[in-house]
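See below for the structure under consideration.
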Amino acid sequence: MTIDDLKSFMLVCRLHSFSTAAVELSMTQSALSKRLQAIQQEVGSEFISTENRRQILITESGKVFYRYAQRIVSSYD
């Protein structure tokens with residue numbers, strides 16, 4: 001997992017949209033989705049629920065991970 005992965009995750013959470021985040025990151029929606037799936041697999045927890053195709057939901061573990069990601073990115077910057 002890289003800083004860019006964390007920033008991507010945080011952007012999706014803030015925007016609640018894979019497509020908008022992908023455009024802002026200059027990458028395909030598919031590539032962004034794969035990046036976030038890899039993070040979830042590495043950590044072993046689901047952070048974003050996409051059951052409802054119209055709206056993504058951040059899970060409780062995703063909210064906790066978001067706070068840790070903020071600290072890490074802030075320290076890195």
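We name chains A, B, ... following the order of the structure tokens; residues begin at 1 in each chain, and ligands are numbered from 1 as shown.
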
For segment 18-27 of chain A, list every protein, DNA or RNA residue within 12 Å, evaluated using only C-alpha atoms, and leave out those in the same chain fewer than 2 positions away; present the list as an mmCIF file with all heavy atoms, in the first residue's frame.
data_model
loop_
_atom_site.group_PDB
_atom_site.id
_atom_site.type_symbol
_atom_site.label_atom_id
_atom_site.label_comp_id
_atom_site.auth_asym_id
_atom_site.auth_seq_id
_atom_site.Cartn_x
_atom_site.Cartn_y
_atom_site.Cartn_z
ATOM 1 N N ASP A 4 -0.122 7.078 -2.397
ATOM 2 C CA ASP A 4 -1.095 7.334 -3.460
ATOM 3 C C ASP A 4 -2.357 6.489 -3.287
ATOM 4 O O ASP A 4 -3.460 6.949 -3.567
ATOM 5 C CB ASP A 4 -0.488 7.083 -4.840
ATOM 6 C CG ASP A 4 0.502 8.164 -5.237
ATOM 7 O OD1 ASP A 4 0.394 9.295 -4.706
ATOM 8 O OD2 ASP A 4 1.373 7.882 -6.071
ATOM 9 N N ASP A 5 -2.193 5.257 -2.817
ATOM 10 C CA ASP A 5 -3.357 4.406 -2.546
ATOM 11 C C ASP A 5 -4.225 5.025 -1.455
ATOM 12 O O ASP A 5 -5.454 5.073 -1.571
ATOM 13 C CB ASP A 5 -2.922 3.000 -2.108
ATOM 14 C CG ASP A 5 -2.219 2.225 -3.194
ATOM 15 O OD1 ASP A 5 -2.388 2.546 -4.389
ATOM 16 O OD2 ASP A 5 -1.497 1.275 -2.845
ATOM 17 N N LYS A 7 -4.337 8.195 -0.553
ATOM 18 C CA LYS A 7 -4.954 9.425 -1.065
ATOM 19 C C LYS A 7 -6.143 9.102 -1.964
ATOM 20 O O LYS A 7 -7.159 9.798 -1.925
ATOM 21 C CB LYS A 7 -3.925 10.259 -1.820
ATOM 22 C CG LYS A 7 -2.908 10.911 -0.903
ATOM 23 C CD LYS A 7 -1.894 11.727 -1.697
ATOM 24 C CE LYS A 7 -0.896 12.416 -0.787
ATOM 25 N NZ LYS A 7 0.092 13.208 -1.546
ATOM 26 N N SER A 8 -6.019 8.053 -2.752
ATOM 27 C CA SER A 8 -7.127 7.636 -3.624
ATOM 28 C C SER A 8 -8.328 7.219 -2.797
ATOM 29 O O SER A 8 -9.463 7.599 -3.079
ATOM 30 C CB SER A 8 -6.689 6.482 -4.524
ATOM 31 O OG SER A 8 -5.647 6.872 -5.371
ATOM 32 N N PHE A 9 -8.080 6.414 -1.776
ATOM 33 C CA PHE A 9 -9.153 5.976 -0.880
ATOM 34 C C PHE A 9 -9.838 7.171 -0.239
ATOM 35 O O PHE A 9 -11.069 7.268 -0.206
ATOM 36 C CB PHE A 9 -8.591 5.033 0.192
ATOM 37 C CG PHE A 9 -9.547 4.758 1.308
ATOM 38 C CD1 PHE A 9 -10.635 3.930 1.121
ATOM 39 C CD2 PHE A 9 -9.367 5.340 2.547
ATOM 40 C CE1 PHE A 9 -11.534 3.683 2.158
ATOM 41 C CE2 PHE A 9 -10.247 5.106 3.583
ATOM 42 C CZ PHE A 9 -11.334 4.276 3.383
ATOM 43 N N MET A 10 -9.048 8.103 0.253
ATOM 44 C CA MET A 10 -9.605 9.277 0.919
ATOM 45 C C MET A 10 -10.448 10.116 -0.042
ATOM 46 O O MET A 10 -11.508 10.617 0.332
ATOM 47 C CB MET A 10 -8.478 10.115 1.527
ATOM 48 C CG MET A 10 -7.788 9.433 2.694
ATOM 49 S SD MET A 10 -6.285 10.278 3.242
ATOM 50 C CE MET A 10 -6.901 11.905 3.598
ATOM 51 N N LEU A 11 -10.000 10.240 -1.279
ATOM 52 C CA LEU A 11 -10.742 11.021 -2.260
ATOM 53 C C LEU A 11 -12.092 10.375 -2.573
ATOM 54 O O LEU A 11 -13.115 11.058 -2.637
ATOM 55 C CB LEU A 11 -9.915 11.196 -3.535
ATOM 56 C CG LEU A 11 -10.498 12.125 -4.588
ATOM 57 C CD1 LEU A 11 -10.678 13.546 -4.041
ATOM 58 C CD2 LEU A 11 -9.621 12.143 -5.830
ATOM 59 N N VAL A 12 -12.099 9.070 -2.742
ATOM 60 C CA VAL A 12 -13.364 8.362 -2.994
ATOM 61 C C VAL A 12 -14.313 8.572 -1.814
ATOM 62 O O VAL A 12 -15.504 8.821 -2.005
ATOM 63 C CB VAL A 12 -13.126 6.861 -3.258
ATOM 64 C CG1 VAL A 12 -14.436 6.098 -3.262
ATOM 65 C CG2 VAL A 12 -12.390 6.664 -4.577
ATOM 66 N N CYS A 13 -13.775 8.498 -0.618
ATOM 67 C CA CYS A 13 -14.613 8.711 0.571
ATOM 68 C C CYS A 13 -15.183 10.121 0.608
ATOM 69 O O CYS A 13 -16.362 10.311 0.914
ATOM 70 C CB CYS A 13 -13.810 8.455 1.840
ATOM 71 S SG CYS A 13 -13.417 6.731 2.121
ATOM 72 N N ARG A 14 -14.364 11.099 0.304
ATOM 73 C CA ARG A 14 -14.835 12.495 0.340
ATOM 74 C C ARG A 14 -15.871 12.768 -0.741
ATOM 75 O O ARG A 14 -16.851 13.466 -0.497
ATOM 76 C CB ARG A 14 -13.662 13.461 0.198
ATOM 77 C CG ARG A 14 -12.866 13.657 1.461
ATOM 78 C CD ARG A 14 -11.954 14.875 1.393
ATOM 79 N NE ARG A 14 -11.076 14.902 0.238
ATOM 80 C CZ ARG A 14 -9.869 14.332 0.188
ATOM 81 N NH1 ARG A 14 -9.406 13.667 1.230
ATOM 82 N NH2 ARG A 14 -9.125 14.419 -0.896
ATOM 83 N N LEU A 15 -15.646 12.227 -1.922
ATOM 84 C CA LEU A 15 -16.537 12.512 -3.043
ATOM 85 C C LEU A 15 -17.724 11.561 -3.140
ATOM 86 O O LEU A 15 -18.691 11.842 -3.847
ATOM 87 C CB LEU A 15 -15.742 12.447 -4.358
ATOM 88 C CG LEU A 15 -14.605 13.446 -4.509
ATOM 89 C CD1 LEU A 15 -13.848 13.195 -5.806
ATOM 90 C CD2 LEU A 15 -15.139 14.872 -4.467
ATOM 91 N N HIS A 16 -17.637 10.427 -2.450
ATOM 92 C CA HIS A 16 -18.668 9.385 -2.535
ATOM 93 C C HIS A 16 -18.931 8.991 -3.984
ATOM 94 O O HIS A 16 -20.074 8.737 -4.367
ATOM 95 C CB HIS A 16 -19.969 9.820 -1.854
ATOM 96 C CG HIS A 16 -19.875 9.800 -0.366
ATOM 97 N ND1 HIS A 16 -20.227 8.708 0.371
ATOM 98 C CD2 HIS A 16 -19.452 10.736 0.511
ATOM 99 C CE1 HIS A 16 -20.035 8.975 1.652
ATOM 100 N NE2 HIS A 16 -19.567 10.200 1.755
ATOM 101 N N GLN A 29 -11.879 4.435 -13.990
ATOM 102 C CA GLN A 29 -12.674 4.006 -12.848
ATOM 103 C C GLN A 29 -12.308 2.578 -12.465
ATOM 104 O O GLN A 29 -12.228 2.231 -11.293
ATOM 105 C CB GLN A 29 -14.153 4.121 -13.180
ATOM 106 C CG GLN A 29 -15.070 3.822 -12.020
ATOM 107 C CD GLN A 29 -16.523 4.076 -12.375
ATOM 108 O OE1 GLN A 29 -16.832 4.761 -13.331
ATOM 109 N NE2 GLN A 29 -17.414 3.525 -11.587
ATOM 110 N N SER A 30 -12.049 1.750 -13.471
ATOM 111 C CA SER A 30 -11.670 0.360 -13.237
ATOM 112 C C SER A 30 -10.349 0.263 -12.474
ATOM 113 O O SER A 30 -10.222 -0.526 -11.531
ATOM 114 C CB SER A 30 -11.555 -0.373 -14.572
ATOM 115 O OG SER A 30 -11.103 -1.681 -14.387
ATOM 116 N N ALA A 31 -9.369 1.067 -12.865
ATOM 117 C CA ALA A 31 -8.074 1.056 -12.184
ATOM 118 C C ALA A 31 -8.214 1.517 -10.735
ATOM 119 O O ALA A 31 -7.591 0.952 -9.829
ATOM 120 C CB ALA A 31 -7.082 1.941 -12.927
ATOM 121 N N LEU A 32 -9.033 2.524 -10.517
ATOM 122 C CA LEU A 32 -9.260 3.022 -9.159
ATOM 123 C C LEU A 32 -9.952 1.962 -8.318
ATOM 124 O O LEU A 32 -9.577 1.719 -7.165
ATOM 125 C CB LEU A 32 -10.089 4.304 -9.192
ATOM 126 C CG LEU A 32 -10.460 4.918 -7.851
ATOM 127 C CD1 LEU A 32 -9.225 5.221 -7.017
ATOM 128 C CD2 LEU A 32 -11.298 6.166 -8.054
ATOM 129 N N SER A 33 -10.939 1.312 -8.878
ATOM 130 C CA SER A 33 -11.657 0.259 -8.171
ATOM 131 C C SER A 33 -10.707 -0.877 -7.783
ATOM 132 O O SER A 33 -10.745 -1.374 -6.654
ATOM 133 C CB SER A 33 -12.787 -0.269 -9.048
ATOM 134 O OG SER A 33 -13.474 -1.295 -8.384
ATOM 135 N N LYS A 34 -9.841 -1.270 -8.698
ATOM 136 C CA LYS A 34 -8.862 -2.328 -8.409
ATOM 137 C C LYS A 34 -7.892 -1.899 -7.319
ATOM 138 O O LYS A 34 -7.507 -2.698 -6.469
ATOM 139 C CB LYS A 34 -8.105 -2.713 -9.672
ATOM 140 C CG LYS A 34 -8.951 -3.503 -10.639
ATOM 141 C CD LYS A 34 -8.203 -3.823 -11.913
ATOM 142 C CE LYS A 34 -9.132 -4.524 -12.892
ATOM 143 N NZ LYS A 34 -8.488 -4.761 -14.178
ATOM 144 N N ARG A 35 -7.500 -0.633 -7.339
ATOM 145 C CA ARG A 35 -6.591 -0.105 -6.316
ATOM 146 C C ARG A 35 -7.235 -0.207 -4.934
ATOM 147 O O ARG A 35 -6.608 -0.644 -3.969
ATOM 148 C CB ARG A 35 -6.260 1.353 -6.636
ATOM 149 C CG ARG A 35 -5.344 1.998 -5.640
ATOM 150 C CD ARG A 35 -5.043 3.424 -6.007
ATOM 151 N NE ARG A 35 -3.925 3.448 -6.941
ATOM 152 C CZ ARG A 35 -3.264 4.541 -7.285
ATOM 153 N NH1 ARG A 35 -3.621 5.709 -6.811
ATOM 154 N NH2 ARG A 35 -2.260 4.485 -8.119
ATOM 155 N N LEU A 36 -8.507 0.172 -4.849
ATOM 156 C CA LEU A 36 -9.184 0.129 -3.548
ATOM 157 C C LEU A 36 -9.478 -1.307 -3.115
ATOM 158 O O LEU A 36 -9.418 -1.621 -1.923
ATOM 159 C CB LEU A 36 -10.455 0.963 -3.585
ATOM 160 C CG LEU A 36 -10.225 2.465 -3.798
ATOM 161 C CD1 LEU A 36 -11.527 3.221 -3.713
ATOM 162 C CD2 LEU A 36 -9.223 3.024 -2.825
ATOM 163 N N ILE A 48 -15.610 0.059 1.691
ATOM 164 C CA ILE A 48 -16.615 0.719 0.867
ATOM 165 C C ILE A 48 -17.608 -0.319 0.388
ATOM 166 O O ILE A 48 -17.225 -1.334 -0.189
ATOM 167 C CB ILE A 48 -15.964 1.424 -0.336
ATOM 168 C CG1 ILE A 48 -15.029 2.529 0.165
ATOM 169 C CG2 ILE A 48 -17.020 1.992 -1.262
ATOM 170 C CD1 ILE A 48 -14.226 3.192 -0.912
ATOM 171 N N SER A 49 -18.878 -0.059 0.645
ATOM 172 C CA SER A 49 -19.941 -0.945 0.189
ATOM 173 C C SER A 49 -20.531 -0.389 -1.097
ATOM 174 O O SER A 49 -20.903 0.777 -1.164
ATOM 175 C CB SER A 49 -21.031 -1.061 1.257
ATOM 176 O OG SER A 49 -22.117 -1.800 0.756
ATOM 177 N N THR A 50 -20.590 -1.237 -2.107
ATOM 178 C CA THR A 50 -21.148 -0.817 -3.394
ATOM 179 C C THR A 50 -22.400 -1.626 -3.723
ATOM 180 O O THR A 50 -22.737 -1.816 -4.878
ATOM 181 C CB THR A 50 -20.109 -0.978 -4.522
ATOM 182 O OG1 THR A 50 -19.663 -2.335 -4.531
ATOM 183 C CG2 THR A 50 -18.938 -0.044 -4.347
ATOM 184 N N ARG A 53 -25.792 0.451 -6.384
ATOM 185 C CA ARG A 53 -24.979 0.957 -7.494
ATOM 186 C C ARG A 53 -25.031 2.475 -7.634
ATOM 187 O O ARG A 53 -24.152 3.081 -8.213
ATOM 188 C CB ARG A 53 -25.432 0.314 -8.803
ATOM 189 C CG ARG A 53 -25.194 -1.151 -8.847
ATOM 190 C CD ARG A 53 -23.873 -1.415 -9.491
ATOM 191 N NE ARG A 53 -23.667 -2.855 -9.615
ATOM 192 C CZ ARG A 53 -22.528 -3.420 -9.369
ATOM 193 N NH1 ARG A 53 -21.513 -2.721 -8.977
ATOM 194 N NH2 ARG A 53 -22.392 -4.723 -9.513
ATOM 195 N N ARG A 54 -26.068 3.103 -7.123
ATOM 196 C CA ARG A 54 -26.211 4.555 -7.271
ATOM 197 C C ARG A 54 -25.425 5.336 -6.225
ATOM 198 O O ARG A 54 -25.147 6.505 -6.411
ATOM 199 C CB ARG A 54 -27.685 4.954 -7.177
ATOM 200 C CG ARG A 54 -28.509 4.426 -8.315
ATOM 201 C CD ARG A 54 -29.962 4.792 -8.110
ATOM 202 N NE ARG A 54 -30.766 4.241 -9.168
ATOM 203 C CZ ARG A 54 -31.391 4.975 -10.057
ATOM 204 N NH1 ARG A 54 -31.319 6.279 -10.008
ATOM 205 N NH2 ARG A 54 -32.102 4.402 -10.998
ATOM 206 N N GLN A 55 -25.114 4.690 -5.115
ATOM 207 C CA GLN A 55 -24.454 5.413 -4.025
ATOM 208 C C GLN A 55 -23.501 4.470 -3.307
ATOM 209 O O GLN A 55 -23.865 3.344 -2.979
ATOM 210 C CB GLN A 55 -25.510 5.929 -3.046
ATOM 211 C CG GLN A 55 -24.950 6.665 -1.871
ATOM 212 C CD GLN A 55 -26.042 7.119 -0.920
ATOM 213 O OE1 GLN A 55 -27.199 6.730 -1.056
ATOM 214 N NE2 GLN A 55 -25.692 7.931 0.038
ATOM 215 N N ILE A 56 -22.288 4.931 -3.060
ATOM 216 C CA ILE A 56 -21.365 4.118 -2.268
ATOM 217 C C ILE A 56 -21.530 4.492 -0.798
ATOM 218 O O ILE A 56 -21.848 5.633 -0.458
ATOM 219 C CB ILE A 56 -19.906 4.289 -2.717
ATOM 220 C CG1 ILE A 56 -19.392 5.704 -2.465
ATOM 221 C CG2 ILE A 56 -19.724 3.898 -4.169
ATOM 222 C CD1 ILE A 56 -17.900 5.831 -2.619
ATOM 223 N N LEU A 57 -21.319 3.514 0.036
ATOM 224 C CA LEU A 57 -21.418 3.722 1.474
ATOM 225 C C LEU A 57 -20.090 3.357 2.116
ATOM 226 O O LEU A 57 -19.508 2.315 1.799
ATOM 227 C CB LEU A 57 -22.533 2.864 2.062
ATOM 228 C CG LEU A 57 -23.937 3.133 1.534
ATOM 229 C CD1 LEU A 57 -24.900 2.089 2.066
ATOM 230 C CD2 LEU A 57 -24.400 4.520 1.931
#

message: Taking only chain A into account, list the residues labelled strand (DSSP E or B) by DSSP (computed from the backbone), as a VMD selection string.
response: chain A and resid 48 to 49 57 to 58

- request: Quick one: pull the distance between atom CA of Lys63 of chain A and atom CA of Gln37 of chain A, Å, one decimal.
  value: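 Interatomic distance here is 15.8 Å.
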
message: DSSP on the backbone, alpha helix (DSSP H) only: what residues of segment 19-49 of chain A does that give? Format it as a list in words.
response: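 Filtering segment 19-49 of chain A to alpha helix (DSSP H) leaves Ser19, Thr20, Ala21, Ala22, Val23, Glu24, Gln29, Ser30, Ala31, Leu32, Ser33, Lys34, Arg35, Leu36, Gln37, Ala38, Ile39, Gln40, Gln41, Glu42 and Val43 of chain A.
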
statement: Among A:Val43, A:Met1, A:Ala38, A:Leu6, Arg71 of chain A is approached most closely, using only C-alpha atoms, by A:Leu6

message: To one decimal place in Å, what is the distance between atom CA of Ser45 of chain A and atom CA of Phe65 of chain A?
response: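 Between atom CA of Ser45 of chain A and atom CA of Phe65 of chain A the gap works out to 9.7 Å.
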
message: Could you tell me how far atom CA of Gly62 of chain A sits from atom CA of Ile3 of chain A, in Å to one decimal place?
response: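 We find that atom CA of Ile3 of chain A and atom CA of Gly62 of chain A lie 16.4 Å from each other.
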
field: Contact residues around Phe47 of chain A with only C-alpha atoms at 6 Å, ignoring same-chain residues under 2 positions, as a PyMOL selection string
entry: chain A and resi 58-59+61-62
